[in-house]
>>> print(open('model.cif').read())   # mmCIF, C-alpha atoms
data_query
loop_
_atom_site.label_atom_id
_atom_site.label_comp_id
_atom_site.auth_asym_id
_atom_site.auth_seq_id
_atom_site.Cartn_x
_atom_site.Cartn_y
_atom_site.Cartn_z
CA MET A 106 19.50 62.71 -27.16
CA LYS A 107 22.24 61.02 -25.13
CA GLY A 108 20.37 61.90 -21.92
CA ILE A 109 17.33 59.98 -23.13
CA TRP A 110 19.39 56.80 -23.62
CA LEU A 111 21.11 57.21 -20.27
CA GLY A 112 17.71 57.47 -18.58
CA LEU A 113 16.29 54.40 -20.33
CA PRO A 114 17.38 51.85 -17.69
CA TRP A 115 15.73 53.94 -14.96
CA CYS A 116 12.51 54.18 -16.98
CA VAL A 117 12.64 50.45 -17.47
CA ALA A 118 13.14 49.84 -13.76
CA LEU A 119 10.30 52.16 -12.79
CA LEU A 120 7.73 51.36 -15.44
CA ILE A 121 8.20 47.71 -15.98
CA GLY A 122 6.92 44.97 -13.94
CA ALA A 123 8.64 42.62 -16.27
CA GLY A 124 6.72 39.83 -14.71
CA CYS A 125 8.10 40.28 -11.22
CA GLY A 126 6.95 41.56 -7.88
CA GLY A 127 6.36 39.98 -4.52
CA ALA A 128 3.87 40.28 -1.70
CA HIS A 129 3.97 39.60 1.99
CA PRO A 130 2.15 36.38 2.93
CA GLY A 131 -1.55 37.02 3.39
CA SER A 132 -1.54 40.41 1.70
CA ARG A 133 -3.76 41.16 -1.28
CA PRO A 134 -2.57 43.46 -4.03
CA GLU A 135 -4.55 46.56 -4.89
CA PRO A 136 -6.07 46.59 -8.38
CA ALA A 137 -3.80 48.49 -10.73
CA GLU A 138 -4.91 50.63 -13.63
CA ARG A 139 -3.62 49.96 -17.11
CA LEU A 140 -0.77 52.25 -18.11
CA PRO A 141 -0.63 53.77 -21.62
CA ASP A 142 1.05 51.40 -24.10
CA GLU A 143 1.08 48.64 -21.48
CA PRO A 144 1.31 45.11 -22.91
CA THR A 145 -2.06 43.40 -23.39
CA ARG A 146 -0.89 39.89 -24.31
CA ALA A 147 2.02 37.52 -23.85
CA GLN A 148 5.06 38.11 -26.00
CA PRO A 149 6.32 35.38 -28.31
CA LYS A 150 9.06 33.09 -27.02
CA LEU A 151 12.35 35.02 -26.95
CA PRO A 152 15.83 33.82 -28.01
CA MET A 153 17.32 31.41 -25.47
CA VAL A 154 20.67 31.02 -23.73
CA LYS A 155 21.98 28.14 -21.61
CA LEU A 156 22.92 29.20 -18.08
CA TRP A 157 24.86 27.41 -15.36
CA LEU A 158 24.23 28.30 -11.73
CA GLY A 159 26.79 26.23 -9.88
CA PRO A 160 26.05 22.64 -10.96
CA ALA A 161 22.47 23.51 -12.02
CA GLU A 162 21.64 24.08 -15.69
CA LEU A 163 18.83 26.24 -17.05
CA ASN A 164 17.68 27.55 -20.44
CA ALA A 165 16.60 31.18 -20.25
CA GLU A 166 14.84 33.49 -22.65
CA ILE A 167 16.75 36.74 -23.15
CA ALA A 168 14.76 39.92 -22.46
CA ALA A 169 17.00 42.79 -23.55
CA SER A 170 14.90 45.37 -25.41
CA PHE A 171 12.59 47.83 -23.68
CA ASP A 172 9.44 46.01 -24.88
CA GLN A 173 10.81 42.56 -24.01
CA ILE A 174 11.71 43.70 -20.51
CA ARG A 175 8.45 45.59 -20.01
CA THR A 176 6.37 42.56 -21.05
CA GLY A 177 8.44 39.86 -19.36
CA MET A 178 6.26 36.94 -18.25
CA MET A 179 2.98 38.88 -18.42
CA PHE A 180 -0.03 36.85 -19.59
CA ARG A 181 1.91 33.59 -19.90
CA GLN A 182 0.13 30.52 -18.56
CA GLU A 183 3.20 28.43 -17.71
CA MET A 184 6.96 28.16 -17.79
CA PRO A 185 8.74 24.81 -18.24
CA GLU A 186 10.58 23.64 -15.09
CA ASN A 187 14.12 24.15 -16.38
CA GLU A 188 13.51 27.40 -18.20
CA GLY A 189 13.57 31.00 -17.08
CA MET A 190 13.80 34.57 -18.33
CA LEU A 191 16.98 36.66 -18.04
CA PHE A 192 16.50 40.44 -18.06
CA ILE A 193 19.52 42.44 -19.22
CA PHE A 194 19.96 46.11 -18.27
CA ALA A 195 22.44 48.57 -19.77
CA ARG A 196 23.94 49.46 -16.39
CA PRO A 197 23.67 48.54 -12.72
CA HIS A 198 20.77 50.07 -10.80
CA GLN A 199 18.39 49.35 -7.93
CA ALA A 200 15.97 47.04 -9.74
CA ALA A 201 12.27 46.97 -8.85
CA PHE A 202 10.02 44.30 -10.39
CA TRP A 203 6.34 43.45 -9.92
CA MET A 204 3.90 40.73 -11.04
CA LYS A 205 1.18 42.72 -12.78
CA ASN A 206 -0.68 40.48 -15.28
CA THR A 207 1.66 37.60 -14.40
CA GLN A 208 -0.06 34.30 -13.64
CA VAL A 209 2.94 32.03 -13.01
CA PRO A 210 4.37 32.05 -9.45
CA LEU A 211 8.02 33.05 -9.80
CA SER A 212 11.29 33.41 -7.95
CA ALA A 213 13.61 36.20 -9.07
CA ALA A 214 17.36 36.45 -8.56
CA TYR A 215 18.89 39.93 -8.71
CA LEU A 216 22.43 39.68 -10.11
CA ASP A 217 25.36 42.09 -10.16
CA PRO A 218 27.33 42.96 -13.34
CA GLU A 219 29.57 39.90 -12.93
CA GLY A 220 26.55 37.57 -12.66
CA VAL A 221 26.79 36.96 -8.90
CA ILE A 222 23.39 36.42 -7.27
CA LEU A 223 22.83 39.24 -4.77
CA GLU A 224 19.25 38.45 -3.66
CA ILE A 225 16.49 35.92 -4.34
CA HIS A 226 12.80 36.82 -3.91
CA GLU A 227 9.65 34.66 -3.98
CA LEU A 228 6.89 36.40 -5.97
CA GLU A 229 3.09 36.29 -5.97
CA PRO A 230 1.03 36.20 -9.19
CA HIS A 231 -0.80 39.45 -10.03
CA ASN A 232 0.81 41.40 -7.19
CA THR A 233 1.49 44.98 -8.26
CA ASN A 234 3.66 45.83 -5.26
CA SER A 235 7.23 46.31 -6.48
CA VAL A 236 10.00 44.20 -5.03
CA THR A 237 12.92 46.59 -4.83
CA ALA A 238 16.46 45.29 -4.60
CA ALA A 239 18.47 46.12 -1.50
CA SER A 240 21.47 46.73 -3.79
CA ASP A 241 21.93 49.39 -6.44
CA ARG A 242 24.31 47.03 -8.33
CA VAL A 243 21.67 44.92 -10.13
CA GLN A 244 22.37 44.56 -13.86
CA PHE A 245 20.57 41.26 -14.54
CA VAL A 246 17.43 39.65 -13.16
CA LEU A 247 16.69 35.95 -13.62
CA GLU A 248 13.10 34.74 -13.21
CA VAL A 249 12.31 31.03 -12.77
CA ASN A 250 9.39 28.99 -11.47
CA ARG A 251 8.88 29.65 -7.79
CA GLY A 252 11.16 27.45 -5.68
CA TRP A 253 13.50 26.48 -8.54
CA PHE A 254 16.52 28.04 -6.82
CA ASP A 255 15.81 26.10 -3.60
CA ARG A 256 15.18 22.83 -5.46
CA HIS A 257 18.57 23.17 -7.18
CA GLY A 258 20.58 24.45 -4.21
CA VAL A 259 21.21 27.87 -5.78
CA ARG A 260 21.89 30.65 -3.25
CA PRO A 261 23.02 34.29 -3.07
CA GLY A 262 26.74 34.42 -3.81
CA ASP A 263 26.49 31.83 -6.60
CA LEU A 264 27.76 32.80 -10.06
CA VAL A 265 25.63 32.58 -13.22
CA ARG A 266 27.55 31.68 -16.41
CA THR A 267 26.84 31.08 -20.11
CA PRO A 268 28.72 28.96 -22.68
CA ALA A 269 30.62 32.17 -23.57
CA GLY A 270 31.62 32.88 -19.96
CA GLY A 271 30.28 35.49 -17.54
CA LEU A 272 27.09 37.47 -18.11
CA GLN A 273 28.95 40.74 -18.59
CA GLN A 274 31.26 39.37 -21.28
CA THR A 275 28.35 37.53 -22.95
CA PHE A 276 25.80 40.35 -23.11
CA LEU A 277 27.48 43.72 -22.58
CA PRO A 278 29.90 45.60 -24.82
CA PRO A 279 33.46 45.99 -23.50
CA ARG A 280 34.09 49.20 -21.59
#
>>> encode(input="model.cif", output="structure tokens")
Amino acid sequence: MKGIWLGLPWCVALLIGAGCGGAHPGSRPEPAERLPDEPTRAQPKLPMVKLWLGPAELNAEIAASFDQIRTGMMFRQEMPENEGMLFIFARPHQAAFWMKNTQVPLSAAYLDPEGVILEIHELEPHNTNSVTAASDRVQFVLEVNRGWFDRHGVRPGDLVRTPAGGLQQTFLPPR
């Protein structure tokens, strides 16, 4: 049984789409078939947390369970300007997100266990091509409206914090 739980983050990374995925300019995504048990509607608003990214402030929904992560921003029509969605994984891995059934143009920051932004990607609605992280140290992914990071001067290397401190101490059990 322990092996099933250890494999869960990899299943999440491979099966999800969690509302993310980018395309090269001018490319068109191939139609994707519906997977068994795939979400068919938007999930209700999730619990929120205040985040600070340098001087910028953002309220983010917390996607931590398998179903919350798998559904992500799928089928949502909009996201308020200073809101986002924070995906929390049990351990660092090489994240891969896509935009299947996601209508809102997004930017996604891939963060390491300490909450440092490793990469930022601009994402295309409905694109089913996965955007795979260059790093295998991604433990959190933060999705925001496309261009939010640029508009607020947030860059790779910046630290994401909560009122309780770092992301690891806020969301993950002590080791």
>>> closest_residue(input="model.cif", among="A:Val259, A:Ala201, A:Thr207, A:Leu264", to="Asn234 (chain A)", atoms="all atoms listed in the file")
A:Ala201
>>> resolve_selection(input="model.cif", expression="the PyMOL selection byres ((chain A and resi 147) around 6)", output="list in words")
Arg146, Gln148, Met179, Phe180 and Arg181 of chain A
>>> closest_residue(input="model.cif", among="A:Pro185, A:Gly252, A:Pro268, A:Pro279", to="Val154 (chain A)", atoms="all atoms listed in the file")
A:Pro268
>>> atom_distance(input="model.cif", atom1="CA of Asp241 (chain A)", atom2="CA of Leu223 (chain A)")
10.3 Å
>>> residues_near_point(input="model.cif", point="(24.3, 44.6, -11.2)", cutoff="10 Å", atoms="only C-alpha atoms", output="list in words")
Ile193, Phe194, Ala195, Arg196, Pro197, His198, Gln199, Ala200, Tyr215, Leu216, Asp217, Pro218, Glu219, Gly220, Val221, Ile222, Leu223, Ser240, Asp241, Arg242, Val243, Gln244, Phe245, Val246 and Gln273 of chain A
>>> write_last_selection(input="model.cif", atoms="C-alpha atoms", output="PDB file, in the coordinates of the input")
ATOM      1  CA  ILE A 193      19.520  42.440 -19.220  1.00  0.00           C
ATOM      2  CA  PHE A 194      19.960  46.110 -18.270  1.00  0.00           C
ATOM      3  CA  ALA A 195      22.440  48.570 -19.770  1.00  0.00           C
ATOM      4  CA  ARG A 196      23.940  49.460 -16.390  1.00  0.00           C
ATOM      5  CA  PRO A 197      23.670  48.540 -12.720  1.00  0.00           C
ATOM      6  CA  HIS A 198      20.770  50.070 -10.800  1.00  0.00           C
ATOM      7  CA  GLN A 199      18.390  49.350  -7.930  1.00  0.00           C
ATOM      8  CA  ALA A 200      15.970  47.040  -9.740  1.00  0.00           C
ATOM      9  CA  TYR A 215      18.890  39.930  -8.710  1.00  0.00           C
ATOM     10  CA  LEU A 216      22.430  39.680 -10.110  1.00  0.00           C
ATOM     11  CA  ASP A 217      25.360  42.090 -10.160  1.00  0.00           C
ATOM     12  CA  PRO A 218      27.330  42.960 -13.340  1.00  0.00           C
ATOM     13  CA  GLU A 219      29.570  39.900 -12.930  1.00  0.00           C
ATOM     14  CA  GLY A 220      26.550  37.570 -12.660  1.00  0.00           C
ATOM     15  CA  VAL A 221      26.790  36.960  -8.900  1.00  0.00           C
ATOM     16  CA  ILE A 222      23.390  36.420  -7.270  1.00  0.00           C
ATOM     17  CA  LEU A 223      22.830  39.240  -4.770  1.00  0.00           C
ATOM     18  CA  SER A 240      21.470  46.730  -3.790  1.00  0.00           C
ATOM     19  CA  ASP A 241      21.930  49.390  -6.440  1.00  0.00           C
ATOM     20  CA  ARG A 242      24.310  47.030  -8.330  1.00  0.00           C
ATOM     21  CA  VAL A 243      21.670  44.920 -10.130  1.00  0.00           C
ATOM     22  CA  GLN A 244      22.370  44.560 -13.860  1.00  0.00           C
ATOM     23  CA  PHE A 245      20.570  41.260 -14.540  1.00  0.00           C
ATOM     24  CA  VAL A 246      17.430  39.650 -13.160  1.00  0.00           C
ATOM     25  CA  GLN A 273      28.950  40.740 -18.590  1.00  0.00           C
TER      26      GLN A 273
END
>>> atom_distance(input="model.cif", atom1="CA of Ala269 (chain A)", atom2="CA of Leu247 (chain A)")
17.5 Å
>>> resolve_selection(input="model.cif", expression="the PyMOL selection byres ((chain A and resi 177) around 12)", output="VMD selection string")
chain A and resid 117 121 to 126 143 to 151 165 to 176 178 to 181 184 189 to 193 202 to 209 211 246 to 249
>>> atom_distance(input="model.cif", atom1="CA of Asn164 (chain A)", atom2="CA of Phe276 (chain A)")
15.4 Å
>>> closest_residue(input="model.cif", among="A:Thr267, A:Gln274, A:Ser212, A:Asn232", to="Phe254 (chain A)", atoms="all atoms listed in the file")
A:Ser212
>>> axis_aligned_box(input="model.cif", around="region 258-263 of chain A", padding_each_side="3 Å", output="AutoDock Vina command-line options")
--center_x 23.7 --center_y 29.4 --center_z -4.8 --size_x 12.2 --size_y 16.0 --size_z 9.5
>>> resolve_selection(input="model.cif", expression="the PyMOL selection byres ((chain A and resi 157) around 10)", output="ChimeraX atom specification")
/A:155-156,158-164,263-268,270-271
>>> write_last_selection(input="model.cif", atoms="C-alpha atoms", output="PDB file, in the coordinates of the input")
ATOM      1  CA  LYS A 155      21.980  28.140 -21.610  1.00  0.00           C
ATOM      2  CA  LEU A 156      22.920  29.200 -18.080  1.00  0.00           C
ATOM      3  CA  LEU A 158      24.230  28.300 -11.730  1.00  0.00           C
ATOM      4  CA  GLY A 159      26.790  26.230  -9.880  1.00  0.00           C
ATOM      5  CA  PRO A 160      26.050  22.640 -10.960  1.00  0.00           C
ATOM      6  CA  ALA A 161      22.470  23.510 -12.020  1.00  0.00           C
ATOM      7  CA  GLU A 162      21.640  24.080 -15.690  1.00  0.00           C
ATOM      8  CA  LEU A 163      18.830  26.240 -17.050  1.00  0.00           C
ATOM      9  CA  ASN A 164      17.680  27.550 -20.440  1.00  0.00           C
ATOM     10  CA  ASP A 263      26.490  31.830  -6.600  1.00  0.00           C
ATOM     11  CA  LEU A 264      27.760  32.800 -10.060  1.00  0.00           C
ATOM     12  CA  VAL A 265      25.630  32.580 -13.220  1.00  0.00           C
ATOM     13  CA  ARG A 266      27.550  31.680 -16.410  1.00  0.00           C
ATOM     14  CA  THR A 267      26.840  31.080 -20.110  1.00  0.00           C
ATOM     15  CA  PRO A 268      28.720  28.960 -22.680  1.00  0.00           C
ATOM     16  CA  GLY A 270      31.620  32.880 -19.960  1.00  0.00           C
ATOM     17  CA  GLY A 271      30.280  35.490 -17.540  1.00  0.00           C
TER      18      GLY A 271
END
